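Input: a single structure, listed below in structure tokens.
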Amino acid sequence: MTEVYVDADACPVKAEVERVATRNQVRVHMVSNGGIRPSANPLIQSVFVSEGPDVADMWIADRAGAGDVVITNDIPLAARCVEAGALVLRPDGDPLTAANIGNVLATRDLMADLRSADPFRQGGGRAFSKADRSRFLDALERAIRKAKG
């Protein structure tokens with residue numbers, strides 16, 4: 001049975017995940033270190049893990065597999081979930097797949113090296129837009145249908 005796992009601490013599309021999951025009658029696990037309000041929706045399970053580096057990521061990676069959908073911006077977590085057979089989406093709707101995860105990991109590592117080499121470097125990311133939210137809704141709908149199919 002298809003389930004959705006959300007790396008929820010900094011996820012900007014929690015409400016959208018709940019809306020699409022409810023329409024498709026799919027169980028969702030909102031995994032965080034705390035600080036998010038639990039949903040009254042019976043399909044939405046709030047999972048609060050202990051504080052610490054990557055605890056939420058480990059919880060998701062230990063459970064997500066083939067037929068599941070994972071929502072995360074965490075590239076190492078995405079790589080583990082892709083390897084386990086899950087469909088992975090970033091909150092802007094971009095899919096992370098076996099075909100692109102290697103390049104995405106390499107780019108992440110390169111950018112981390114560049115940031116550490118220049119301690120005065122600021123920002124670099126773009127703001128989350130309405131177009132990103134719309135693209136995510138469409139991508140999640142397609143991913144859930146594919147995972148259930």
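Chain identifiers are assigned as A, B, and so on, following the order in which chains appear in the structure tokens; residues are numbered from 1 within each chain, and ligands are numbered from 1 in order of appearance.
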
Near-Arg145 (chain A) list (12 Å; only C-alpha atoms; drop same-chain fewer than 3 positions) as a short mmCIF file (atom, residue, chain, number, x, y, z; two decimals) with C-alpha atoms, in the first residue's frame:
```
data_model
loop_
_atom_site.label_atom_id
_atom_site.label_comp_id
_atom_site.auth_asym_id
_atom_site.auth_seq_id
_atom_site.Cartn_x
_atom_site.Cartn_y
_atom_site.Cartn_z
CA MET A 1 0.00 0.00 0.00
CA THR A 2 1.39 3.39 -1.00
CA GLU A 3 2.40 5.78 1.79
CA VAL A 4 3.85 9.28 1.68
CA VAL A 20 -3.48 15.53 -2.39
CA ALA A 21 -3.17 12.58 0.00
CA ARG A 23 -8.03 13.16 -2.35
CA ASN A 24 -6.16 9.91 -3.09
CA GLN A 25 -6.83 8.29 0.31
CA VAL A 26 -3.12 7.74 1.01
CA GLY A 67 5.49 2.00 -3.94
CA ASP A 68 6.04 4.91 -1.54
CA VAL A 69 6.51 8.63 -2.17
CA LEU A 87 9.53 7.90 -5.74
CA ASP A 138 0.94 18.32 -10.15
CA ALA A 139 4.07 16.25 -9.54
CA LEU A 140 2.71 14.77 -6.29
CA GLU A 141 -0.58 13.83 -7.92
CA ARG A 142 1.30 12.03 -10.71
CA LYS A 148 -0.41 3.13 -6.55
CA GLY A 149 -0.53 1.79 -10.10
#
```

Give the strand (DSSP E) residues of region 11-122 of chain A, as assigned by DSSP on the backbone, as number ranges by chain.
A: 27-32, 44-48, 69-71, 87-89, 95-96

What gap, in Å, lies between CA of Asp57 (chain A) and CA of Ala117 (chain A)?
27.1 Å

Listing only residues of region 56-134 of chain A within 8 Å of region 7-11 of chain A, what is the closest atom pair and its distance in Å (to one decimal) for each, using only C-alpha atoms, sorted by chain and residue number ascending, as JSON lines?
```
{"residue": "A:Ala56", "atom": "CA", "partner": "A:Asp7", "partner_atom": "CA", "distance": 7.0}
{"residue": "A:Asp57", "atom": "CA", "partner": "A:Asp7", "partner_atom": "CA", "distance": 7.0}
{"residue": "A:Ile60", "atom": "CA", "partner": "A:Asp7", "partner_atom": "CA", "distance": 7.7}
{"residue": "A:Val70", "atom": "CA", "partner": "A:Asp7", "partner_atom": "CA", "distance": 7.8}
{"residue": "A:Ile71", "atom": "CA", "partner": "A:Asp7", "partner_atom": "CA", "distance": 6.2}
{"residue": "A:Thr72", "atom": "CA", "partner": "A:Asp7", "partner_atom": "CA", "distance": 5.2}
{"residue": "A:Asn73", "atom": "CA", "partner": "A:Asp7", "partner_atom": "CA", "distance": 7.9}
{"residue": "A:Pro91", "atom": "CA", "partner": "A:Cys11", "partner_atom": "CA", "distance": 6.9}
```

Write to file, as a CSV table (one decimal), in the first residue's frame, the residues of the selection just made, with N, CA, C and O atoms.
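Final output, saved to again.csv:
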```
chain,number,residue,atom,x,y,z
A,56,ALA,N,15.4,12.3,11.8
A,56,ALA,CA,14.2,12.2,11.0
A,56,ALA,C,14.5,11.5,9.7
A,56,ALA,O,13.7,10.7,9.2
A,57,ASP,N,15.6,11.9,9.1
A,57,ASP,CA,16.0,11.2,7.8
A,57,ASP,C,16.2,9.7,8.0
A,57,ASP,O,15.7,9.0,7.1
A,60,ILE,N,12.7,8.0,8.1
A,60,ILE,CA,12.1,7.9,6.8
A,60,ILE,C,12.9,6.8,6.0
A,60,ILE,O,12.2,6.0,5.4
A,70,VAL,N,8.3,10.0,-1.3
A,70,VAL,CA,9.0,10.7,-0.2
A,70,VAL,C,9.2,12.2,-0.7
A,70,VAL,O,9.5,12.4,-1.9
A,71,ILE,N,8.9,13.1,0.2
A,71,ILE,CA,9.0,14.5,-0.1
A,71,ILE,C,10.2,15.1,0.8
A,71,ILE,O,10.1,15.0,2.0
A,72,THR,N,11.2,15.5,0.1
A,72,THR,CA,12.4,16.0,0.9
A,72,THR,C,13.3,16.9,0.0
A,72,THR,O,13.3,16.8,-1.2
A,73,ASN,N,14.0,17.8,0.7
A,73,ASN,CA,15.0,18.6,0.0
A,73,ASN,C,16.4,18.1,0.4
A,73,ASN,O,17.4,18.6,0.0
A,91,PRO,N,10.2,19.7,-2.8
A,91,PRO,CA,9.0,20.5,-2.6
A,91,PRO,C,8.7,21.5,-3.7
A,91,PRO,O,7.6,21.9,-3.8
```

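The space separating CA of Ser50 (chain A) from CA of Ala15 (chain A) comes to 23.4 Å.
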
Which of chain A counts as alpha helix (DSSP H) under DSSP, as a PyMOL selection string please?
chain A and resi 14-24+55-63+75-83+101-117+130-148

Which polymer residues have any atom within 12 Å of an atom of Ile101 (chain A), counting only C-alpha atoms, with same-chain residues fewer than 6 positions away left out, as a ChimeraX atom specification?
/A:74-83,87-90,94-95,107-108

Nearby residues (only C-alpha atoms) at most 9 Å from Glu18 (chain A), same-chain spacing under 5 positions excluded, as a ChimeraX atom specification:
/A:13,23,28,39,41,43-44

Could you save the residues just selected, with C-alpha atoms, as an mmCIF file, in the first residue's frame?
```
data_model
loop_
_atom_site.group_PDB
_atom_site.id
_atom_site.type_symbol
_atom_site.label_atom_id
_atom_site.label_comp_id
_atom_site.auth_asym_id
_atom_site.auth_seq_id
_atom_site.Cartn_x
_atom_site.Cartn_y
_atom_site.Cartn_z
ATOM 1 C CA VAL A 13 4.235 22.154 1.112
ATOM 2 C CA ARG A 23 -8.034 13.163 -2.349
ATOM 3 C CA VAL A 28 1.051 10.368 5.200
ATOM 4 C CA SER A 39 -3.280 17.405 11.762
ATOM 5 C CA ASN A 41 -6.926 14.362 9.436
ATOM 6 C CA LEU A 43 -4.710 9.948 7.166
ATOM 7 C CA ILE A 44 -1.948 12.210 8.515
#
```

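The space between CA of Ser32 (chain A) and CA of Ala64 (chain A) spans 15.4 Å.
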
Val49 (chain A) environment, 8 Å, only C-alpha atoms, sequence neighbours closer than 6 positions dropped, as a PyMOL selection string
chain A and resi 31-34+55-56+59

Please write the residues from the selection above to a file, keeping N, CA and C atoms, as a compact mmCIF listing (two decimals), in the first residue's frame.
```
# COMPACT_ATOMS: atom_id res chain seq x y z
N VAL A 31 7.24 13.66 9.34
CA VAL A 31 8.32 13.34 10.27
C VAL A 31 9.12 14.60 10.59
N SER A 32 9.26 14.89 11.91
CA SER A 32 9.99 16.10 12.31
C SER A 32 10.56 15.93 13.71
N ASN A 33 11.38 16.89 14.10
CA ASN A 33 11.92 16.94 15.45
C ASN A 33 10.95 17.67 16.39
N GLY A 34 9.81 18.03 15.92
CA GLY A 34 8.82 18.76 16.71
C GLY A 34 8.61 20.13 16.11
N VAL A 55 18.14 12.36 12.45
CA VAL A 55 17.26 11.37 13.08
C VAL A 55 15.98 11.20 12.26
N ALA A 56 15.38 12.31 11.82
CA ALA A 56 14.17 12.23 11.00
C ALA A 56 14.49 11.53 9.67
N TRP A 59 14.67 7.82 10.15
CA TRP A 59 13.34 7.23 10.35
C TRP A 59 12.67 7.00 9.00
```
